Amino acid sequence: MLGNILRSYTVAVALGVLALGSVLASPAALAQTPAPAAQPAAPKPEMFGNWGLVCPQPKACQIQVVLVNKDKKFVAALAYGKSGANQTLVGIVPLGFRLQNNPPFAVDGGTAIPGNYVQCLNSGCRVAIPVNDAVLRSLQSGKQATLTLLSPTSKQIPLSFDLNGFPAAKAALDKKVQ
């Protein structure tokens, strides 16, 4: 049942249906278990651990993991996509954080790289995270990726994403977008 909920909600996020719930209560209140989707007609993702592969159009695919709070409300998502030689890693994060700071992204507590806020909408903000071979290797071998946001009162709020299934999801993505 949990897998079905994850599949449904992952598709909703992939299609941009980002219904942000309450802003983070505390980092400890977060879980990787998503709430049910609002769009039942969306294509079902192929699941690899916590990561879902979604292809809304042929050759237009991404893999992603969704973060929800204890009330199963959407908090954030981390998505990786590929088009030819171009790779993108994007965090979709809630509103209400300081935009002047580039949120650091790290895998398993390793060296942090700065992300860049690229767009904010009513549903949240997108953070572009530079992808190179080293970042990709760390995602494939790591356990947890963390994007750290800064609250208006300068409190660091880490959003942690489970990387279970990332390597298999990435391999499936590579086959789809050759």
# chains A, B, ... in the order shown; residues from 1 in each chain; ligands from 1

$ closest_atom_pairs --of "stretch 63-105 of chain A" --to "stretch 111-130 of chain A" --cutoff "7 Å" --atoms "only C-alpha atoms" --output "JSON lines"
{"residue": "A:Leu89", "atom": "CA", "partner": "A:Ile129", "partner_atom": "CA", "distance": 5.3}
{"residue": "A:Val90", "atom": "CA", "partner": "A:Ala128", "partner_atom": "CA", "distance": 4.7}
{"residue": "A:Gly91", "atom": "CA", "partner": "A:Val127", "partner_atom": "CA", "distance": 4.9}
{"residue": "A:Ile92", "atom": "CA", "partner": "A:Arg126", "partner_atom": "CA", "distance": 4.7}
{"residue": "A:Val93", "atom": "CA", "partner": "A:Cys125", "partner_atom": "CA", "distance": 5.3}
{"residue": "A:Pro94", "atom": "CA", "partner": "A:Gly124", "partner_atom": "CA", "distance": 4.5}
{"residue": "A:Leu95", "atom": "CA", "partner": "A:Gly124", "partner_atom": "CA", "distance": 4.9}
{"residue": "A:Leu99", "atom": "CA", "partner": "A:Tyr117", "partner_atom": "CA", "distance": 6.8}
{"residue": "A:Asn102", "atom": "CA", "partner": "A:Asn116", "partner_atom": "CA", "distance": 5.3}
{"residue": "A:Pro103", "atom": "CA", "partner": "A:Gly115", "partner_atom": "CA", "distance": 5.2}
{"residue": "A:Pro104", "atom": "CA", "partner": "A:Pro114", "partner_atom": "CA", "distance": 4.4}
{"residue": "A:Phe105", "atom": "CA", "partner": "A:Ala112", "partner_atom": "CA", "distance": 5.2}

$ residues_around --residues "stretch 56-67 of chain A" --least-positions-apart "5" --cutoff "6 Å" --atoms "only C-alpha atoms" --output "count of residues only"
10

$ closest_residue --among "A:Lys155, A:Lys170, A:Lys73, A:Arg98" --to "A:Glu46" --atoms "only C-alpha atoms"
A:Lys170

$ select_by_dssp --residues "stretch 27-157 of chain A" --states "strand (DSSP E)" --output "number ranges by chain"
A: 30-31, 46-48, 51-57, 60-69, 74-83, 86-93, 104-107, 113-114, 116-121, 124-129, 144-150, 156-157

$ closest_residue --among "A:Val131, A:Gln140, A:Asp108, A:Ser83" --to "A:Phe166" --atoms "only C-alpha atoms"
A:Gln140

$ atom_distance --atom1 "atom CA of A:Ser160" --atom2 "atom CA of A:Gly96"
17.9 Å
